[in-house]
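As stored in target.txt (compact mmCIF, C-alpha atoms and all ligand atoms):
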```txt
# COMPACT_ATOMS: atom_id res chain seq x y z
CA MET N 1325 27.79 12.31 -43.56
CA SER N 1326 30.31 14.75 -45.00
CA LYS N 1327 31.37 15.44 -48.58
CA ASP N 1328 34.40 13.14 -48.49
CA GLN N 1329 36.82 11.74 -45.91
CA TYR N 1330 38.92 14.91 -46.09
CA THR N 1331 36.10 17.31 -45.18
CA VAL N 1332 36.26 18.40 -41.54
CA ALA N 1333 33.14 17.87 -39.44
CA ASP N 1334 32.43 17.69 -35.72
CA PRO N 1335 33.11 13.98 -34.99
CA THR N 1336 30.45 13.92 -32.27
CA LYS N 1337 27.81 15.00 -34.78
CA LEU N 1338 29.00 13.11 -37.85
CA TYR N 1339 26.26 10.58 -38.75
CA GLY N 1340 24.17 11.75 -35.77
CA ASP N 1341 22.51 9.06 -33.70
CA ILE N 1342 21.86 5.96 -35.80
CA ASP N 1343 18.70 5.34 -33.74
CA ALA N 1344 18.46 1.72 -34.82
CA PRO N 1345 15.22 -0.12 -34.09
CA LYS N 1346 15.28 -3.61 -32.56
CA GLN N 1347 15.96 -6.03 -35.39
CA GLU N 1348 17.25 -9.53 -35.70
CA GLN N 1349 18.67 -11.41 -38.69
CA PRO N 1350 19.98 -14.95 -38.90
CA GLU N 1351 23.75 -15.24 -39.37
CA PRO N 1352 25.55 -13.98 -41.40
CA GLY N 1353 23.02 -11.15 -41.92
CA LEU N 1354 22.70 -8.80 -44.85
CA ASP N 1355 23.51 -5.13 -45.10
CA ALA N 1356 20.61 -4.98 -47.56
CA LYS N 1357 18.26 -5.65 -44.60
CA LEU N 1358 20.01 -3.51 -41.99
CA GLN N 1359 17.94 -0.61 -40.58
CA PRO N 1360 19.32 1.95 -41.11
CA ARG N 1361 21.77 0.84 -43.79
CA ALA N 1362 25.45 1.22 -42.91
CA ASP N 1363 27.68 3.78 -44.62
CA HIS N 1364 30.59 2.16 -46.48
CA GLY N 1365 31.73 5.40 -48.09
CA GLU N 1366 29.75 4.69 -51.27
CA ASN N 1367 29.05 8.39 -51.78
CA THR N 1368 32.05 9.84 -49.99
CA TYR N 1369 35.31 7.89 -50.25
CA ARG N 1370 37.66 9.77 -52.57
CA GLY N 1371 40.77 7.92 -53.78
CA THR N 1372 44.08 9.58 -54.56
CA GLY N 1373 46.02 6.71 -56.16
CA ARG N 1374 47.57 5.44 -52.94
CA LEU N 1375 47.22 1.74 -53.94
CA LYS N 1376 47.68 2.05 -57.67
CA GLY N 1377 48.06 -1.38 -59.32
CA ARG N 1378 48.01 -3.31 -56.03
CA LYS N 1379 46.17 -6.64 -55.71
CA ALA N 1380 44.16 -7.18 -52.55
CA LEU N 1381 42.38 -10.13 -50.95
CA ILE N 1382 39.74 -9.14 -48.38
CA THR N 1383 37.65 -11.52 -46.28
CA GLY N 1384 34.19 -10.45 -45.12
CA ALA N 1385 34.27 -7.99 -48.03
CA ASP N 1386 30.52 -8.04 -48.76
CA SER N 1387 29.40 -5.86 -45.86
CA GLY N 1388 30.48 -3.77 -42.91
CA ILE N 1389 34.12 -2.90 -42.42
CA GLY N 1390 35.37 -5.24 -45.18
CA ALA N 1391 33.00 -3.67 -47.72
CA ALA N 1392 34.17 -0.16 -46.82
CA VAL N 1393 37.79 -1.32 -47.17
CA ALA N 1394 37.03 -2.93 -50.55
CA ILE N 1395 35.47 0.27 -51.93
CA ALA N 1396 38.32 2.41 -50.61
CA PHE N 1397 41.03 0.07 -51.95
CA ALA N 1398 39.42 0.06 -55.42
CA ARG N 1399 39.12 3.85 -55.48
CA GLU N 1400 42.81 4.03 -54.47
CA GLY N 1401 43.61 1.91 -57.53
CA ALA N 1402 43.66 -1.72 -56.30
CA ASP N 1403 42.02 -4.82 -57.77
CA VAL N 1404 40.12 -6.81 -55.15
CA VAL N 1405 39.17 -10.43 -54.42
CA LEU N 1406 36.11 -10.53 -52.17
CA SER N 1407 35.55 -13.44 -49.76
CA TYR N 1408 32.14 -13.90 -48.10
CA LEU N 1409 29.56 -16.60 -47.37
CA PRO N 1410 27.34 -17.81 -50.27
CA ASP N 1411 24.23 -16.41 -48.46
CA GLU N 1412 25.73 -12.93 -48.78
CA GLU N 1413 25.73 -12.90 -52.58
CA PRO N 1414 23.40 -9.84 -52.88
CA ASP N 1415 25.64 -7.69 -50.65
CA ALA N 1416 28.79 -8.96 -52.39
CA ARG N 1417 27.39 -8.23 -55.88
CA ARG N 1418 26.68 -4.63 -54.89
CA ILE N 1419 30.21 -4.07 -53.57
CA ALA N 1420 31.75 -5.81 -56.61
CA GLY N 1421 29.73 -3.41 -58.79
CA LEU N 1422 31.16 -0.40 -56.95
CA ILE N 1423 34.70 -1.76 -57.43
CA GLU N 1424 34.04 -2.10 -61.16
CA ASP N 1425 32.58 1.42 -61.21
CA ALA N 1426 35.98 2.55 -59.91
CA GLY N 1427 37.55 0.93 -62.98
CA ARG N 1428 39.12 -1.96 -61.07
CA ILE N 1429 38.75 -5.76 -61.19
CA ALA N 1430 36.45 -7.39 -58.61
CA VAL N 1431 36.71 -11.17 -58.19
CA THR N 1432 33.91 -12.70 -56.11
CA ALA N 1433 34.91 -15.83 -54.19
CA PRO N 1434 32.16 -17.13 -51.87
CA GLY N 1435 32.93 -19.88 -49.37
CA ASP N 1436 33.24 -20.82 -45.72
CA LEU N 1437 36.27 -19.57 -43.79
CA ARG N 1438 35.91 -22.47 -41.34
CA ASP N 1439 37.03 -24.75 -44.16
CA ASP N 1440 40.81 -24.89 -44.59
CA SER N 1441 40.59 -26.00 -48.21
CA TYR N 1442 38.38 -23.00 -49.09
CA CYS N 1443 40.97 -20.70 -47.49
CA ARG N 1444 43.72 -22.17 -49.64
CA GLU N 1445 41.56 -22.12 -52.79
CA LEU N 1446 40.74 -18.47 -52.09
CA VAL N 1447 44.42 -17.56 -52.18
CA ALA N 1448 44.97 -19.66 -55.33
CA LYS N 1449 42.03 -17.92 -57.02
CA ALA N 1450 43.41 -14.50 -56.13
CA VAL N 1451 46.81 -15.39 -57.57
CA ASP N 1452 45.22 -16.88 -60.68
CA GLU N 1453 42.76 -14.12 -61.47
CA LEU N 1454 44.72 -11.05 -60.36
CA GLY N 1455 48.19 -12.36 -61.20
CA GLY N 1456 49.45 -12.14 -57.61
CA ILE N 1457 48.69 -10.74 -54.16
CA ASP N 1458 50.14 -7.64 -52.47
CA ILE N 1459 47.65 -7.01 -49.67
CA VAL N 1460 45.84 -9.51 -47.44
CA VAL N 1461 43.07 -8.25 -45.17
CA ASN N 1462 41.90 -10.91 -42.70
CA ASN N 1463 38.64 -9.31 -41.66
CA GLY N 1464 35.85 -11.93 -41.79
CA GLY N 1465 34.58 -12.67 -38.32
CA LYS N 1466 31.96 -14.27 -36.11
CA GLN N 1467 30.51 -12.69 -32.95
CA VAL N 1468 27.58 -14.24 -31.09
CA PHE N 1469 26.92 -13.11 -27.52
CA ASN N 1470 26.47 -15.60 -24.70
CA GLU N 1471 25.66 -14.72 -21.09
CA ASP N 1472 26.73 -17.91 -19.34
CA LEU N 1473 29.77 -20.03 -20.13
CA THR N 1474 27.91 -23.21 -19.17
CA THR N 1475 25.58 -22.62 -22.12
CA LEU N 1476 28.31 -21.63 -24.60
CA SER N 1477 28.27 -24.59 -26.99
CA ASP N 1478 31.46 -26.33 -28.00
CA GLU N 1479 30.28 -25.79 -31.56
CA GLN N 1480 30.06 -22.00 -31.18
CA PHE N 1481 33.45 -21.85 -29.45
CA ASP N 1482 34.95 -23.87 -32.29
CA ASP N 1483 33.20 -21.86 -35.03
CA THR N 1484 34.31 -18.54 -33.54
CA PHE N 1485 37.94 -19.66 -33.37
CA LYS N 1486 37.82 -21.28 -36.83
CA THR N 1487 36.36 -18.16 -38.44
CA ASN N 1488 38.36 -15.51 -36.60
CA VAL N 1489 41.69 -17.23 -35.94
CA TYR N 1490 42.22 -20.41 -37.99
CA ALA N 1491 41.12 -18.79 -41.27
CA MET N 1492 43.63 -15.97 -40.70
CA PHE N 1493 46.33 -18.60 -40.18
CA TRP N 1494 45.33 -20.71 -43.21
CA ILE N 1495 45.00 -17.72 -45.55
CA THR N 1496 48.18 -16.02 -44.40
CA LYS N 1497 50.16 -19.27 -44.64
CA ALA N 1498 48.91 -19.92 -48.18
CA ALA N 1499 49.51 -16.32 -49.25
CA LEU N 1500 53.06 -15.99 -47.92
CA PRO N 1501 54.86 -17.71 -50.81
CA HIS N 1502 53.24 -15.12 -53.12
CA LEU N 1503 54.01 -12.00 -51.07
CA LYS N 1504 56.94 -9.88 -52.17
CA PRO N 1505 58.78 -7.13 -50.26
CA GLY N 1506 56.36 -4.22 -49.90
CA ALA N 1507 53.39 -6.54 -49.38
CA THR N 1508 51.19 -5.94 -46.35
CA ILE N 1509 48.94 -8.04 -44.15
CA ILE N 1510 46.22 -6.36 -42.09
CA ASN N 1511 44.17 -8.25 -39.50
CA THR N 1512 40.95 -6.97 -37.95
CA THR N 1513 41.08 -7.32 -34.19
CA SER N 1514 38.83 -5.36 -31.76
CA ILE N 1515 38.61 -3.21 -28.62
CA GLN N 1516 37.42 -6.57 -27.22
CA ALA N 1517 41.06 -7.73 -27.30
CA TYR N 1518 41.76 -5.29 -24.44
CA SER N 1519 38.36 -4.77 -22.79
CA PRO N 1520 36.55 -8.07 -23.08
CA SER N 1521 32.83 -7.87 -22.46
CA GLU N 1522 31.33 -10.48 -20.11
CA ILE N 1523 28.99 -11.67 -22.86
CA LEU N 1524 31.67 -12.01 -25.57
CA VAL N 1525 34.21 -14.25 -23.84
CA ASP N 1526 34.91 -16.55 -26.81
CA TYR N 1527 34.93 -13.70 -29.34
CA ALA N 1528 37.17 -11.47 -27.19
CA ALA N 1529 39.61 -14.37 -26.78
CA THR N 1530 39.91 -14.69 -30.56
CA LYS N 1531 40.55 -10.95 -30.91
CA ALA N 1532 43.34 -11.01 -28.29
CA THR N 1533 44.79 -13.97 -30.21
CA ILE N 1534 44.67 -11.99 -33.47
CA ASN N 1535 46.56 -9.14 -31.80
CA ALA N 1536 49.33 -11.43 -30.53
CA PHE N 1537 49.49 -13.30 -33.86
CA THR N 1538 49.83 -9.95 -35.66
CA LYS N 1539 52.65 -8.66 -33.46
CA GLY N 1540 54.63 -11.91 -33.48
CA LEU N 1541 54.26 -12.48 -37.21
CA ALA N 1542 55.15 -8.83 -37.84
CA LYS N 1543 58.56 -9.44 -36.22
CA GLN N 1544 59.02 -12.66 -38.20
CA LEU N 1545 58.20 -11.08 -41.58
CA ALA N 1546 59.71 -7.61 -41.19
CA PRO N 1547 63.18 -8.78 -42.30
CA LYS N 1548 61.53 -10.07 -45.50
CA GLY N 1549 60.01 -6.64 -46.17
CA ILE N 1550 56.45 -7.79 -45.48
CA ARG N 1551 54.60 -5.63 -42.97
CA VAL N 1552 51.90 -7.03 -40.68
CA ASN N 1553 49.58 -4.73 -38.73
CA ALA N 1554 46.10 -4.75 -37.22
CA VAL N 1555 43.11 -2.47 -36.93
CA ALA N 1556 41.05 -2.59 -33.73
CA PRO N 1557 37.57 -1.16 -34.28
CA GLY N 1558 35.25 -0.08 -31.48
CA PRO N 1559 31.45 -0.33 -31.87
CA ILE N 1560 30.70 -0.12 -35.60
CA TRP N 1561 27.25 -0.35 -37.17
CA THR N 1562 27.29 -3.56 -39.27
CA PRO N 1563 25.17 -6.72 -39.78
CA LEU N 1564 27.37 -8.51 -37.21
CA GLN N 1565 25.61 -6.58 -34.44
CA VAL N 1566 22.06 -7.67 -35.37
CA THR N 1567 22.90 -11.36 -35.89
CA GLU N 1568 23.13 -11.92 -32.11
CA GLY N 1569 26.33 -9.89 -31.89
CA GLN N 1570 24.53 -7.92 -29.16
CA PRO N 1571 21.35 -8.51 -27.13
CA GLN N 1572 18.39 -6.74 -28.78
CA GLU N 1573 17.96 -4.31 -25.86
CA LYS N 1574 21.49 -2.98 -26.47
CA ILE N 1575 21.00 -2.23 -30.19
CA ALA N 1576 19.29 1.14 -29.63
CA GLU N 1577 22.11 2.51 -27.46
CA PHE N 1578 24.91 0.79 -29.38
CA GLY N 1579 28.11 2.86 -29.23
CA GLU N 1580 26.70 5.59 -26.99
CA ASN N 1581 29.12 4.77 -24.17
CA THR N 1582 32.15 5.86 -26.21
CA PRO N 1583 33.69 9.31 -25.53
CA LEU N 1584 32.34 10.43 -28.94
CA GLY N 1585 28.91 9.27 -27.79
CA ARG N 1586 27.99 7.34 -30.91
CA ALA N 1587 28.68 4.18 -32.91
CA GLY N 1588 31.12 4.39 -35.81
CA GLN N 1589 30.31 3.66 -39.45
CA PRO N 1590 32.33 1.25 -41.64
CA ALA N 1591 33.33 4.23 -43.81
CA GLU N 1592 35.28 5.62 -40.85
CA LEU N 1593 37.46 2.49 -40.72
CA ALA N 1594 38.57 2.39 -44.35
CA PRO N 1595 41.28 5.12 -44.13
CA ALA N 1596 43.07 3.15 -41.38
CA TYR N 1597 43.32 0.11 -43.67
CA VAL N 1598 44.38 2.23 -46.64
CA PHE N 1599 47.15 3.78 -44.52
CA LEU N 1600 48.44 0.38 -43.35
CA ALA N 1601 48.21 -1.09 -46.87
CA SER N 1602 49.99 1.76 -48.61
CA ALA N 1603 53.69 2.63 -48.83
CA GLU N 1604 53.20 5.70 -46.62
CA SER N 1605 53.16 3.39 -43.56
CA SER N 1606 56.55 1.89 -44.55
CA TYR N 1607 57.95 2.12 -40.98
CA VAL N 1608 54.75 0.93 -39.24
CA VAL N 1609 55.09 -2.74 -38.27
CA GLY N 1610 53.27 -4.84 -35.67
CA GLU N 1611 51.01 -1.91 -34.81
CA THR N 1612 47.37 -2.05 -33.77
CA LEU N 1613 45.57 1.04 -35.00
CA ASN N 1614 42.59 1.68 -32.75
CA VAL N 1615 39.54 3.25 -34.37
CA ASN N 1616 37.11 3.18 -31.49
CA GLY N 1617 35.58 6.55 -30.68
CA GLY N 1618 38.00 7.28 -27.86
CA MET N 1619 38.23 4.25 -25.59
CA PRO N 1620 41.73 4.01 -24.05
CA THR N 1621 43.83 0.99 -25.02
CA PRO N 1622 47.24 -0.25 -23.85
P1 LIG Y 1701 29.97 -7.95 -41.06
O1 LIG Y 1701 28.95 -8.90 -40.63
O2 LIG Y 1701 29.60 -6.94 -42.05
O3 LIG Y 1701 31.27 -8.69 -41.58
C1 LIG Y 1701 31.67 -9.94 -41.12
C2 LIG Y 1701 31.84 -10.81 -42.33
O4 LIG Y 1701 32.49 -12.01 -41.94
C3 LIG Y 1701 30.54 -11.23 -42.98
O5 LIG Y 1701 30.11 -10.30 -43.93
C4 LIG Y 1701 30.92 -12.56 -43.62
O6 LIG Y 1701 31.21 -12.36 -44.98
C5 LIG Y 1701 32.21 -12.94 -42.92
N1 LIG Y 1701 32.07 -14.28 -42.33
C6 LIG Y 1701 31.57 -14.61 -41.13
N2 LIG Y 1701 31.60 -15.95 -40.98
C7 LIG Y 1701 32.12 -16.46 -42.12
C8 LIG Y 1701 32.42 -17.77 -42.57
N3 LIG Y 1701 32.20 -18.85 -41.81
N4 LIG Y 1701 32.92 -17.91 -43.83
C9 LIG Y 1701 33.16 -16.82 -44.61
N5 LIG Y 1701 32.93 -15.57 -44.22
C10 LIG Y 1701 32.42 -15.39 -42.99
O7 LIG Y 1701 30.49 -7.24 -39.72
P2 LIG Y 1701 31.76 -6.31 -39.41
O8 LIG Y 1701 31.44 -5.72 -38.10
O9 LIG Y 1701 32.12 -5.46 -40.53
O10 LIG Y 1701 32.92 -7.38 -39.16
C11 LIG Y 1701 34.18 -7.33 -39.79
C12 LIG Y 1701 35.27 -7.57 -38.76
O11 LIG Y 1701 35.29 -6.49 -37.85
C13 LIG Y 1701 35.09 -8.82 -37.92
O12 LIG Y 1701 36.35 -9.47 -37.78
C14 LIG Y 1701 34.65 -8.28 -36.59
O13 LIG Y 1701 35.01 -9.14 -35.54
C15 LIG Y 1701 35.42 -6.99 -36.55
N6 LIG Y 1701 34.94 -6.02 -35.60
C16 LIG Y 1701 33.69 -5.49 -35.71
C17 LIG Y 1701 33.27 -4.55 -34.78
C18 LIG Y 1701 31.90 -3.96 -34.84
O14 LIG Y 1701 31.49 -3.29 -33.88
N7 LIG Y 1701 31.14 -4.14 -35.90
C19 LIG Y 1701 34.12 -4.15 -33.74
C20 LIG Y 1701 35.39 -4.71 -33.67
C21 LIG Y 1701 35.79 -5.63 -34.60
MG MG Y 1702 28.17 -9.72 -44.58
```
Same coordinates, now as structure tokens:
Amino acid sequence: MSKDQYTVADPTKLYGDIDAPKQEQPEPGLDAKLQPRADHGENTYRGTGRLKGRKALITGADSGIGAAVAIAFAREGADVVLSYLPDEEPDARRIAGLIEDAGRIAVTAPGDLRDDSYCRELVAKAVDELGGIDIVVNNGGKQVFNEDLTTLSDEQFDDTFKTNVYAMFWITKAALPHLKPGATIINTTSIQAYSPSEILVDYAATKATINAFTKGLAKQLAPKGIRVNAVAPGPIWTPLQVTEGQPQEKIAEFGENTPLGRAGQPAELAPAYVFLASAESSYVVGETLNVNGGMPTP
């Protein structure tokens, strides 16, 4: 860990080896029980007013990448609505507290992204309580590995698409009437969109879909002054990985096959989202920003 995100360090040594023991949690998993805990930039992210007065809605904001984005957005001056599952209340409370410590408003909005009415209510709540929306981050996601398509249940296939793809559609559709020129939408895709793993066939398919959705919608909305982009993380240490995101035997070496030789931390993702959310990326549209430790992408 370095002093802040501007302090130069050797990226191969930053965070060292996470050396995670075997561990399993039921979905959706809690950061509070992750060993070791993930770094969301709690002690390091330094804001410089890049999102002053903006209003953001972030799904999966209680833990992992979404939590790091929520902290960074607040420290850059944004108010934040946090979406997460009711079981994740302890993680969400902690992140909401950090947003308030930054002097910003945190609105907690638990619910299930597989439910279209929750997705619409989430947007309505954001508009109600923050007085509008300027930034939508579709980040909540489900990843459960499966080694054999014949045992991949219809229910899992459906849940993965509902959570990763349908919720993005429902939320974006409901938010659009509220988005003004200068607003931004950022979707979390994955390296899996380009290099699908044989045990993540359903998940990888949703991430390729998110990429195509992002690029097509970006062209549709650019003339209206609304920018749509995506971030594609590589292996990042989050609760998703220990809730059957990976087989247990892969947890210890998670991320070691990247050119940097290590897994990333959620804190290392936040600056990419801040860049795409802020006015400094004004000419960046339909882009997928890869933050993956060096794995080549198209
Ligand atoms: P995470 O477990 O911390 O975050 C995922 C969040 O999704 C959960 O906290 C939960 O709030 C939310 N979620 C899941 N199912 C939900 C449902 N039915 N209703 C409401 N919320 C639900 O893990 P993360 O790794 O930070 O995941 C964030 C995003 O990053 C996901 O889209 C994931 O696919 C993507 N991603 C992660 C990695 C990685 O290696 N961790 C790599 C590439 C992409
Ligand atoms: Mg969580």
Worksheet entry | Coordinates-based distance that separates atom CA of N:Asp1483 from atom CA of N:Thr1538 (Å, one decimal) |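 Pair atom CA of N:Thr1538 / atom CA of N:Asp1483 returns 20.5 Å.
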Worksheet entry | Nearest candidate to N:Pro1622 (options N:Ala1385, N:Ser1519, N:Glu1366, N:Asp1343; using all atoms listed in the file) |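 Of N:Ala1385, N:Ser1519, N:Glu1366, N:Asp1343, the one nearest N:Pro1622, counting all atoms listed in the file, is N:Ser1519.
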Discussion item. Would you compute the distance between atom CA of N:Ala1333 and atom CA of N:Asn1553? Give it in Å to one decimal.
Written reply: 28.0 Å
Response to the item:
Counting only C-alpha atoms and all ligand atoms, the residue among N:Thr1474, N:Ser1387, N:Thr1372, N:Ser1326 that lies closest to ligand MG 1702 (chain Y) is N:Ser1387
Fill in: Minimum-distance residue to N:Ile1395, chosen among N:Asn1462, N:Tyr1597, N:Val1609, N:Glu1453 (using all atoms listed in the file)
N:Tyr1597
Worksheet item: Can you tell me, as a VMD selection string, what residues are no more than 10 Å from N:Gly1579 when counting all atoms listed in the file, ignoring any on the same chain fewer than 3 positions away?
Response: chain N and resid 1341 to 1342 1558 to 1561 1574 to 1576 1582 to 1588 1616 to 1617
Worksheet entry | Nearest residue to ligand MG 1702 (chain Y) from the set N:Leu1338, N:Ala1356, N:Ala1529, N:Ala1517 (distances using all atoms listed in the file) |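 Nearest candidate to ligand MG 1702 (chain Y) out of N:Leu1338, N:Ala1356, N:Ala1529, N:Ala1517: N:Ala1356.
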Worksheet item: Of the candidates N:Lys1548, N:Lys1327, N:Arg1417, N:Lys1497, which one gets nearest to ligand MG 1702 (chain Y) if we count all atoms listed in the file?
Response: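 Closest candidate: N:Arg1417.
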Discussion item. Residues near N:Lys1539, anyone? I mean within 7 Å using all atoms listed in the file, not counting same-chain ones fewer than 4 positions away, as a VMD selection string.
Written reply: chain N and resid 1535 1543 1610
Worksheet entry | Nearby residues (only C-alpha atoms) at most 10 Å from N:Gly1435, same-chain spacing under 6 positions excluded, as an MDAnalysis selection string | chainID N and resid 1407:1411 1441:1443 1445:1446
Using only C-alpha atoms, I'd like a table of the residues in stretch 1403-1494 of chain N that come within 7 Å of stretch 1505-1513 of chain N; for each, show the closest atom pair and its distance in Å rounded to one decimal, ordered by chain and ascending number, as JSON lines.
```
{"residue": "N:Asp1458", "atom": "CA", "partner": "N:Ala1507", "partner_atom": "CA", "distance": 4.6}
{"residue": "N:Ile1459", "atom": "CA", "partner": "N:Thr1508", "partner_atom": "CA", "distance": 5.0}
{"residue": "N:Val1460", "atom": "CA", "partner": "N:Ile1509", "partner_atom": "CA", "distance": 4.8}
{"residue": "N:Val1461", "atom": "CA", "partner": "N:Ile1510", "partner_atom": "CA", "distance": 4.8}
{"residue": "N:Asn1462", "atom": "CA", "partner": "N:Asn1511", "partner_atom": "CA", "distance": 4.7}
{"residue": "N:Asn1463", "atom": "CA", "partner": "N:Thr1512", "partner_atom": "CA", "distance": 5.0}
```
Worksheet item: Counting only C-alpha atoms and all ligand atoms, which of N:Pro1434, N:Gly1540, N:Gly1365, N:Gly1456 gets nearest to ligand MG 1702 (chain Y)?
Response: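 The shortest atom-to-atom distance to ligand MG 1702 (chain Y) comes from N:Pro1434.
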Just add N, CA and C atoms to stretch 1488-1506 of chain N and send it as a PDB file, in the frame of the given file.
```
ATOM      1  N   ASN N1488      37.587 -16.707 -36.926  1.00  0.00           N
ATOM      2  CA  ASN N1488      38.360 -15.510 -36.600  1.00  0.00           C
ATOM      3  C   ASN N1488      39.868 -15.755 -36.569  1.00  0.00           C
ATOM      4  N   VAL N1489      40.262 -16.968 -36.149  1.00  0.00           N
ATOM      5  CA  VAL N1489      41.690 -17.230 -35.940  1.00  0.00           C
ATOM      6  C   VAL N1489      42.265 -18.215 -36.965  1.00  0.00           C
ATOM      7  N   TYR N1490      41.656 -19.381 -37.089  1.00  0.00           N
ATOM      8  CA  TYR N1490      42.220 -20.410 -37.990  1.00  0.00           C
ATOM      9  C   TYR N1490      42.248 -19.927 -39.440  1.00  0.00           C
ATOM     10  N   ALA N1491      41.157 -19.263 -39.876  1.00  0.00           N
ATOM     11  CA  ALA N1491      41.120 -18.790 -41.270  1.00  0.00           C
ATOM     12  C   ALA N1491      42.247 -17.803 -41.536  1.00  0.00           C
ATOM     13  N   MET N1492      42.514 -16.927 -40.569  1.00  0.00           N
ATOM     14  CA  MET N1492      43.630 -15.970 -40.700  1.00  0.00           C
ATOM     15  C   MET N1492      44.947 -16.728 -40.874  1.00  0.00           C
ATOM     16  N   PHE N1493      45.112 -17.787 -40.090  1.00  0.00           N
ATOM     17  CA  PHE N1493      46.330 -18.600 -40.180  1.00  0.00           C
ATOM     18  C   PHE N1493      46.412 -19.303 -41.543  1.00  0.00           C
ATOM     19  N   TRP N1494      45.314 -19.961 -41.939  1.00  0.00           N
ATOM     20  CA  TRP N1494      45.330 -20.710 -43.210  1.00  0.00           C
ATOM     21  C   TRP N1494      45.576 -19.782 -44.407  1.00  0.00           C
ATOM     22  N   ILE N1495      44.886 -18.640 -44.409  1.00  0.00           N
ATOM     23  CA  ILE N1495      45.000 -17.720 -45.550  1.00  0.00           C
ATOM     24  C   ILE N1495      46.398 -17.091 -45.591  1.00  0.00           C
ATOM     25  N   THR N1496      46.873 -16.666 -44.452  1.00  0.00           N
ATOM     26  CA  THR N1496      48.180 -16.020 -44.400  1.00  0.00           C
ATOM     27  C   THR N1496      49.279 -17.006 -44.818  1.00  0.00           C
ATOM     28  N   LYS N1497      49.165 -18.230 -44.314  1.00  0.00           N
ATOM     29  CA  LYS N1497      50.160 -19.270 -44.640  1.00  0.00           C
ATOM     30  C   LYS N1497      50.170 -19.556 -46.146  1.00  0.00           C
ATOM     31  N   ALA N1498      48.992 -19.640 -46.739  1.00  0.00           N
ATOM     32  CA  ALA N1498      48.910 -19.920 -48.180  1.00  0.00           C
ATOM     33  C   ALA N1498      49.369 -18.722 -49.007  1.00  0.00           C
ATOM     34  N   ALA N1499      49.157 -17.520 -48.483  1.00  0.00           N
ATOM     35  CA  ALA N1499      49.510 -16.320 -49.250  1.00  0.00           C
ATOM     36  C   ALA N1499      51.003 -16.021 -49.216  1.00  0.00           C
ATOM     37  N   LEU N1500      51.653 -16.389 -48.123  1.00  0.00           N
ATOM     38  CA  LEU N1500      53.060 -15.990 -47.920  1.00  0.00           C
ATOM     39  C   LEU N1500      54.004 -16.274 -49.085  1.00  0.00           C
ATOM     40  N   PRO N1501      53.947 -17.464 -49.694  1.00  0.00           N
ATOM     41  CA  PRO N1501      54.860 -17.710 -50.810  1.00  0.00           C
ATOM     42  C   PRO N1501      54.671 -16.742 -51.976  1.00  0.00           C
ATOM     43  N   HIS N1502      53.535 -16.048 -52.011  1.00  0.00           N
ATOM     44  CA  HIS N1502      53.240 -15.120 -53.120  1.00  0.00           C
ATOM     45  C   HIS N1502      53.562 -13.675 -52.765  1.00  0.00           C
ATOM     46  N   LEU N1503      53.824 -13.399 -51.490  1.00  0.00           N
ATOM     47  CA  LEU N1503      54.010 -12.000 -51.070  1.00  0.00           C
ATOM     48  C   LEU N1503      55.452 -11.554 -51.264  1.00  0.00           C
ATOM     49  N   LYS N1504      55.599 -10.413 -51.900  1.00  0.00           N
ATOM     50  CA  LYS N1504      56.940  -9.880 -52.170  1.00  0.00           C
ATOM     51  C   LYS N1504      57.223  -8.729 -51.202  1.00  0.00           C
ATOM     52  N   PRO N1505      58.493  -8.306 -51.089  1.00  0.00           N
ATOM     53  CA  PRO N1505      58.780  -7.130 -50.260  1.00  0.00           C
ATOM     54  C   PRO N1505      57.874  -5.969 -50.650  1.00  0.00           C
ATOM     55  N   GLY N1506      57.320  -5.296 -49.644  1.00  0.00           N
ATOM     56  CA  GLY N1506      56.360  -4.220 -49.900  1.00  0.00           C
ATOM     57  C   GLY N1506      54.927  -4.676 -49.698  1.00  0.00           C
TER      58      GLY N1506
END
```
